[in-house]
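**Student:** If you scroll down you'll find the structure; I have some questions about it.
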Amino acid sequence: MINAQALGKRFMVSQRGWRRASQEVVALDGVGFSAADGEITGLLGPNGAGKTTLMRILATVVKPDSGSAWIDGHDVVADARSARRRLGVLGDAKGLYPRLTARENICYFGQLQGMERQAAEAAAARLIEELGMQRIADRSVEGFSQGERMKTALARSLVHGPQTVILDEPTNGLDILATRTTREMILALKARGRCVLFSSHIMQEVEALCDRLVIVNHGRLIASGTPTEILDQSGRDTLEDALMTLLGHEAEGVTRA
Ligand SMILES: Nc1ncnc2c1ncn2[C@@H]1O[C@H](COP(=O)(O)OP(=O)(O)OP(=O)(O)O)[C@@H](O)[C@H]1O
């Protein structure tokens with residue numbers, strides 16, 4: 001279970017040019033929401049809305065400037081180690097060890113999470129089969145395609161059987177077969193009572209999977225609720241139209257949640 005309260009995060013970025021001034025970017029501005037066990041929560045919003053920053057804070061990778069968040073009751077700042085043990089996180093696929101094979105990457109991560117070697121190997125073998133990775137499992141990751149890296153990273157994030165799973169655009173770069181498998185895995189996690197938070201720009205995927213939606217824009221929460229509640233709130237028939245309406249209202253300063 002995820003709880004977030006009034007999370008804020010700013011970044012200082014330097015600007016090129018004759019004045020070389022630095023500028024503050026507000027990535028998150030008081031975002032709060034909950035994601036329950038046994039549910040799939042979709043995190044939506046346009047490019048630069050703050051989704052990745054929010055997920056990185058929940059994943060204990062980045063510290064918030066203000067507000068708090070808990071994973072299964074463990075504070076992501078004060079008790080980050082305990083929070084991390086309960087989490088499976090798919091960020092991007094860059095953190096893989098290129099010299100290790102896909103299987104070794106998955107097993108190694110399981111052991112880093114405290115698993116016995118045999119248990120990690122068994123879990124890795126199961127995930128390799130579920131994700132259809134048999135042909136690449138024993139190749140070193142160096143030279144993997146984007147989709148092959150994503151599959152390896154996804155398996156790595158699930159190897160220790162985490163209660164809460166955070167997936168940043170999990171089907172990004174996957175072919176249709178792997179996309180379908182990943183969606184089925186997300187549904188299977190829900191069926192096992194896990195809490196799943198995932199971001200996506202694919203409305204068809206969001207409609208097919210999500211029990212609840214959290215919509216952010218310019219670092220602020222603009223709406224949250226079940227897909228039906230979001231449709232009712234926007235007065236539109238499809239999620240894509242609802243999102244456009246809510247984002248349009250936000251731009252006009254009409255919708256503030
Ligand atoms: N490390 C950083 N340094 C400077 N600015 C950052 C950093 N991380 C995020 N930002 C800025 O914070 C804002 C939110 O970025 P974030 O990556 O969270 O958005 P997003 O919703 O995930 O976008 P996308 O859908 O494009 O992936 C953006 O304006 C981004 O440029």
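Residue numbering restarts at 1 for every chain of the structure tokens, chains are lettered A, B, ... in their displayed order, and ligands are numbered from 1 as they appear.
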Could you give me, as a list in words, the residues within 8 Å of A:Pro170, counting only C-alpha atoms and dropping anything in the same chain fewer than 6 positions from it?
**Tutor:**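 Near A:Pro170, the qualifying residues are Leu90, Met150, Leu154, Thr182, Phe198, Ser199 and Ser200 of chain A.
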**Student:** Mind dumping the selected residues with C-alpha atoms as a JSON list (two decimals), in the first residue's frame?
**Tutor:**
[["chain", "number", "residue", "atom", "x", "y", "z"],
["A", 90, "LEU", "CA", 10.85, -0.55, -12.69],
["A", 150, "MET", "CA", 12.99, -3.67, -20.36],
["A", 154, "LEU", "CA", 10.92, -5.93, -15.24],
["A", 182, "THR", "CA", 3.45, -7.55, -19.12],
["A", 198, "PHE", "CA", 2.13, 2.32, -12.96],
["A", 199, "SER", "CA", 2.47, 5.24, -15.33],
["A", 200, "SER", "CA", 1.48, 5.13, -18.96]]
**Student:** Do you have, as a Markdown table, the list of residues of chain A lying at most 6 Å from ligand 1, each with its nearest atom pair and that distance in Å to one decimal, counting only C-alpha atoms and all ligand atoms and ordered by chain then number?
**Tutor:**
| residue | atom | partner | partner_atom_place_in_ligand_line | distance |
| --- | --- | --- | --- | --- |
| A:Phe11 | CA | ligand 1 | 4 (C) | 4.9 |
| A:Val13 | CA | ligand 1 | 4 (C) | 5.5 |
| A:Ala27 | CA | ligand 1 | 12 (O) | 3.9 |
| A:Pro46 | CA | ligand 1 | 25 (O) | 5.5 |
| A:Asn47 | CA | ligand 1 | 26 (O) | 3.3 |
| A:Gly48 | CA | ligand 1 | 19 (O) | 3.4 |
| A:Ala49 | CA | ligand 1 | 21 (O) | 3.7 |
| A:Gly50 | CA | ligand 1 | 18 (O) | 3.2 |
| A:Lys51 | CA | ligand 1 | 21 (O) | 3.8 |
| A:Thr52 | CA | ligand 1 | 22 (O) | 3.6 |
| A:Thr53 | CA | ligand 1 | 18 (O) | 3.7 |
**Student:** Nearest residue to A:Gly73 out of A:Asn105, A:Ser34, A:Thr152, A:Ser145, using only C-alpha atoms?
**Tutor:**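 Using only C-alpha atoms, the shortest distance to A:Gly73 belongs to A:Ser34.
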**Student:** Near A:Leu44, counting only C-alpha atoms, which residues have an atom at most 12 Å away, once you skip same-chain residues fewer than 3 positions from it, shown as a ChimeraX atom specification?
**Tutor:** /A:41,47-52,54-55,168-169,197-203,205-207,210,212-225,227,230,239-240,242-244,246-247
**Student:** Give me, as a ChimeraX atom specification, the residues of stretch 225-254 of chain A that a backbone DSSP run labels alpha helix (DSSP H).
**Tutor:** /A:227-234,239-252
**Student:** Limited to C-alpha atoms, could you put the picked residues into a file as an mmCIF file, in the first residue's frame?
**Tutor:**
data_model
loop_
_atom_site.group_PDB
_atom_site.id
_atom_site.type_symbol
_atom_site.label_atom_id
_atom_site.label_comp_id
_atom_site.auth_asym_id
_atom_site.auth_seq_id
_atom_site.Cartn_x
_atom_site.Cartn_y
_atom_site.Cartn_z
ATOM 1 C CA PRO A 227 -12.186 5.542 -14.178
ATOM 2 C CA THR A 228 -15.975 5.974 -13.904
ATOM 3 C CA GLU A 229 -15.562 8.828 -11.415
ATOM 4 C CA ILE A 230 -13.033 10.498 -13.717
ATOM 5 C CA LEU A 231 -15.444 10.206 -16.666
ATOM 6 C CA ASP A 232 -18.293 11.641 -14.530
ATOM 7 C CA GLN A 233 -16.097 14.455 -13.250
ATOM 8 C CA SER A 234 -15.117 15.459 -16.780
ATOM 9 C CA LEU A 239 -10.601 8.453 -20.765
ATOM 10 C CA GLU A 240 -8.643 10.179 -23.510
ATOM 11 C CA ASP A 241 -11.327 12.878 -23.818
ATOM 12 C CA ALA A 242 -11.631 13.070 -20.024
ATOM 13 C CA LEU A 243 -7.890 13.622 -19.680
ATOM 14 C CA MET A 244 -7.908 16.322 -22.357
ATOM 15 C CA THR A 245 -10.838 18.067 -20.639
ATOM 16 C CA LEU A 246 -9.276 17.913 -17.170
ATOM 17 C CA LEU A 247 -5.916 19.132 -18.470
ATOM 18 C CA GLY A 248 -7.653 21.904 -20.409
ATOM 19 C CA HIS A 249 -9.505 22.997 -17.284
ATOM 20 C CA GLU A 250 -6.268 22.949 -15.334
ATOM 21 C CA ALA A 251 -4.679 25.246 -17.908
ATOM 22 C CA GLU A 252 -7.583 27.676 -17.431
#
**Student:** What is the atom CA of A:Val159 to atom CA of A:Gly114 distance in Å?
**Tutor:** 11.0 Å
**Student:** Please provide as a PyMOL selection string all residues within 12 Å of A:Arg81, with the sequence filter that same-chain residues fewer than 3 positions apart are discarded (counting only C-alpha atoms).
**Tutor:** chain A and resi 59-61+70-71+74-78+84-87+113-114
**Student:** Store the residues of this selection in a file with C-alpha atoms, as a PDB file, in the first residue's frame.
**Tutor:**
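This went into out_3.pdb:
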ATOM      1  CA  ALA A  59      10.995   4.315  -4.666  1.00  0.00           C
ATOM      2  CA  THR A  60      13.323   6.062  -2.132  1.00  0.00           C
ATOM      3  CA  VAL A  61      15.638   7.197  -4.945  1.00  0.00           C
ATOM      4  CA  TRP A  70       4.858   5.578   3.261  1.00  0.00           C
ATOM      5  CA  ILE A  71       5.148   2.115   1.690  1.00  0.00           C
ATOM      6  CA  HIS A  74       7.279   2.615   6.257  1.00  0.00           C
ATOM      7  CA  ASP A  75       8.378   6.199   5.737  1.00  0.00           C
ATOM      8  CA  VAL A  76      10.316   6.479   2.453  1.00  0.00           C
ATOM      9  CA  VAL A  77      12.819   8.905   4.005  1.00  0.00           C
ATOM     10  CA  ALA A  78      13.113   7.944   7.690  1.00  0.00           C
ATOM     11  CA  ARG A  84      12.696  -0.599  -0.228  1.00  0.00           C
ATOM     12  CA  ARG A  85      12.422  -4.229   0.886  1.00  0.00           C
ATOM     13  CA  ARG A  86       8.678  -4.139   0.213  1.00  0.00           C
ATOM     14  CA  LEU A  87       9.052  -2.512  -3.186  1.00  0.00           C
ATOM     15  CA  GLN A 113      17.161  -8.040  -1.685  1.00  0.00           C
ATOM     16  CA  GLY A 114      18.055 -10.758   0.827  1.00  0.00           C
TER      17      GLY A 114
END
**Student:** Given only C-alpha atoms as the basis, pick out the residue of A:Gly8, A:Gly95, A:Gly38, A:Gln111 nearest to A:Lys63.
**Tutor:**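 Nearest candidate to A:Lys63 out of A:Gly8, A:Gly95, A:Gly38, A:Gln111: A:Gly8.
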**Student:** Of the candidates A:Ala188, A:Arg139, A:His160, A:Arg180, which one gets nearest to A:Ala119 if we count only C-alpha atoms?
**Tutor:**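 Once distances to A:Ala119 are computed over only C-alpha atoms, the minimum belongs to A:His160.
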**Student:** Output as a PyMOL selection string all residues of stretch 30-245 of chain A that backbone DSSP marks as strand (DSSP E or B).
**Tutor:** chain A and resi 30-35+40-44+66-71+74-75+87-90+101+140+164-168+195-199+212-217+220-225
**Student:** Give me a file of those residues, with C-alpha atoms, as a PDB file, in the first residue's frame.
**Tutor:**
ATOM      1  CA  GLY A  30       1.781  19.189  -2.822  1.00  0.00           C
ATOM      2  CA  VAL A  31       0.721  15.862  -4.357  1.00  0.00           C
ATOM      3  CA  GLY A  32      -1.116  13.365  -2.136  1.00  0.00           C
ATOM      4  CA  PHE A  33      -2.850  10.098  -2.945  1.00  0.00           C
ATOM      5  CA  SER A  34      -3.242   6.475  -1.808  1.00  0.00           C
ATOM      6  CA  ALA A  35      -2.873   3.234  -3.746  1.00  0.00           C
ATOM      7  CA  ILE A  40      -3.951  -1.258 -10.002  1.00  0.00           C
ATOM      8  CA  THR A  41      -3.501   2.493  -9.814  1.00  0.00           C
ATOM      9  CA  GLY A  42      -2.622   4.376 -12.988  1.00  0.00           C
ATOM     10  CA  LEU A  43      -0.528   7.542 -12.813  1.00  0.00           C
ATOM     11  CA  LEU A  44      -1.347   9.823 -15.739  1.00  0.00           C
ATOM     12  CA  SER A  66       8.295  18.626   1.651  1.00  0.00           C
ATOM     13  CA  GLY A  67       5.511  16.192   2.506  1.00  0.00           C
ATOM     14  CA  SER A  68       5.751  12.497   3.400  1.00  0.00           C
ATOM     15  CA  ALA A  69       5.133   9.095   1.881  1.00  0.00           C
ATOM     16  CA  TRP A  70       4.858   5.578   3.261  1.00  0.00           C
ATOM     17  CA  ILE A  71       5.148   2.115   1.690  1.00  0.00           C
ATOM     18  CA  HIS A  74       7.279   2.615   6.257  1.00  0.00           C
ATOM     19  CA  ASP A  75       8.378   6.199   5.737  1.00  0.00           C
ATOM     20  CA  LEU A  87       9.052  -2.512  -3.186  1.00  0.00           C
ATOM     21  CA  GLY A  88       9.570  -3.714  -6.720  1.00  0.00           C
ATOM     22  CA  VAL A  89      10.560  -0.805  -8.939  1.00  0.00           C
ATOM     23  CA  LEU A  90      10.853  -0.548 -12.690  1.00  0.00           C
ATOM     24  CA  THR A 101      23.674 -12.149 -18.393  1.00  0.00           C
ATOM     25  CA  SER A 140      25.226 -10.788 -21.482  1.00  0.00           C
ATOM     26  CA  THR A 164       4.100  -3.051  -3.709  1.00  0.00           C
ATOM     27  CA  VAL A 165       5.161  -2.599  -7.319  1.00  0.00           C
ATOM     28  CA  ILE A 166       5.967   0.711  -9.008  1.00  0.00           C
ATOM     29  CA  LEU A 167       6.336   0.593 -12.786  1.00  0.00           C
ATOM     30  CA  ASP A 168       7.280   3.648 -14.838  1.00  0.00           C
ATOM     31  CA  CYS A 195      -0.442  -2.981  -4.832  1.00  0.00           C
ATOM     32  CA  VAL A 196       0.515  -1.833  -8.342  1.00  0.00           C
ATOM     33  CA  LEU A 197       1.214   1.770  -9.336  1.00  0.00           C
ATOM     34  CA  PHE A 198       2.134   2.319 -12.960  1.00  0.00           C
ATOM     35  CA  SER A 199       2.472   5.238 -15.328  1.00  0.00           C
ATOM     36  CA  ARG A 212      -8.081   3.909  -9.883  1.00  0.00           C
ATOM     37  CA  LEU A 213      -6.414   6.853 -11.581  1.00  0.00           C
ATOM     38  CA  VAL A 214      -4.215   9.636 -10.284  1.00  0.00           C
ATOM     39  CA  ILE A 215      -3.816  12.521 -12.737  1.00  0.00           C
ATOM     40  CA  VAL A 216      -1.078  15.131 -12.343  1.00  0.00           C
ATOM     41  CA  ASN A 217      -0.131  18.197 -14.310  1.00  0.00           C
ATOM     42  CA  ARG A 220      -0.095  19.157  -8.988  1.00  0.00           C
ATOM     43  CA  LEU A 221      -2.816  16.581  -8.483  1.00  0.00           C
ATOM     44  CA  ILE A 222      -5.703  17.556 -10.741  1.00  0.00           C
ATOM     45  CA  ALA A 223      -8.010  14.539 -10.287  1.00  0.00           C
ATOM     46  CA  SER A 224      -8.141  11.078  -8.739  1.00  0.00           C
ATOM     47  CA  GLY A 225     -10.722   8.323  -8.524  1.00  0.00           C
TER      48      GLY A 225
END
**Student:** Rounded to one decimal place, report the atom CA of A:Arg192-atom CA of A:Gln204 distance in Å.
**Tutor:**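 So the two atoms, atom CA of A:Arg192 and atom CA of A:Gln204, lie 23.2 Å apart.
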**Student:** Hey, can you check how far atom CA of A:Lys151 sits from atom CA of A:Leu28?
**Tutor:** 29.2 Å
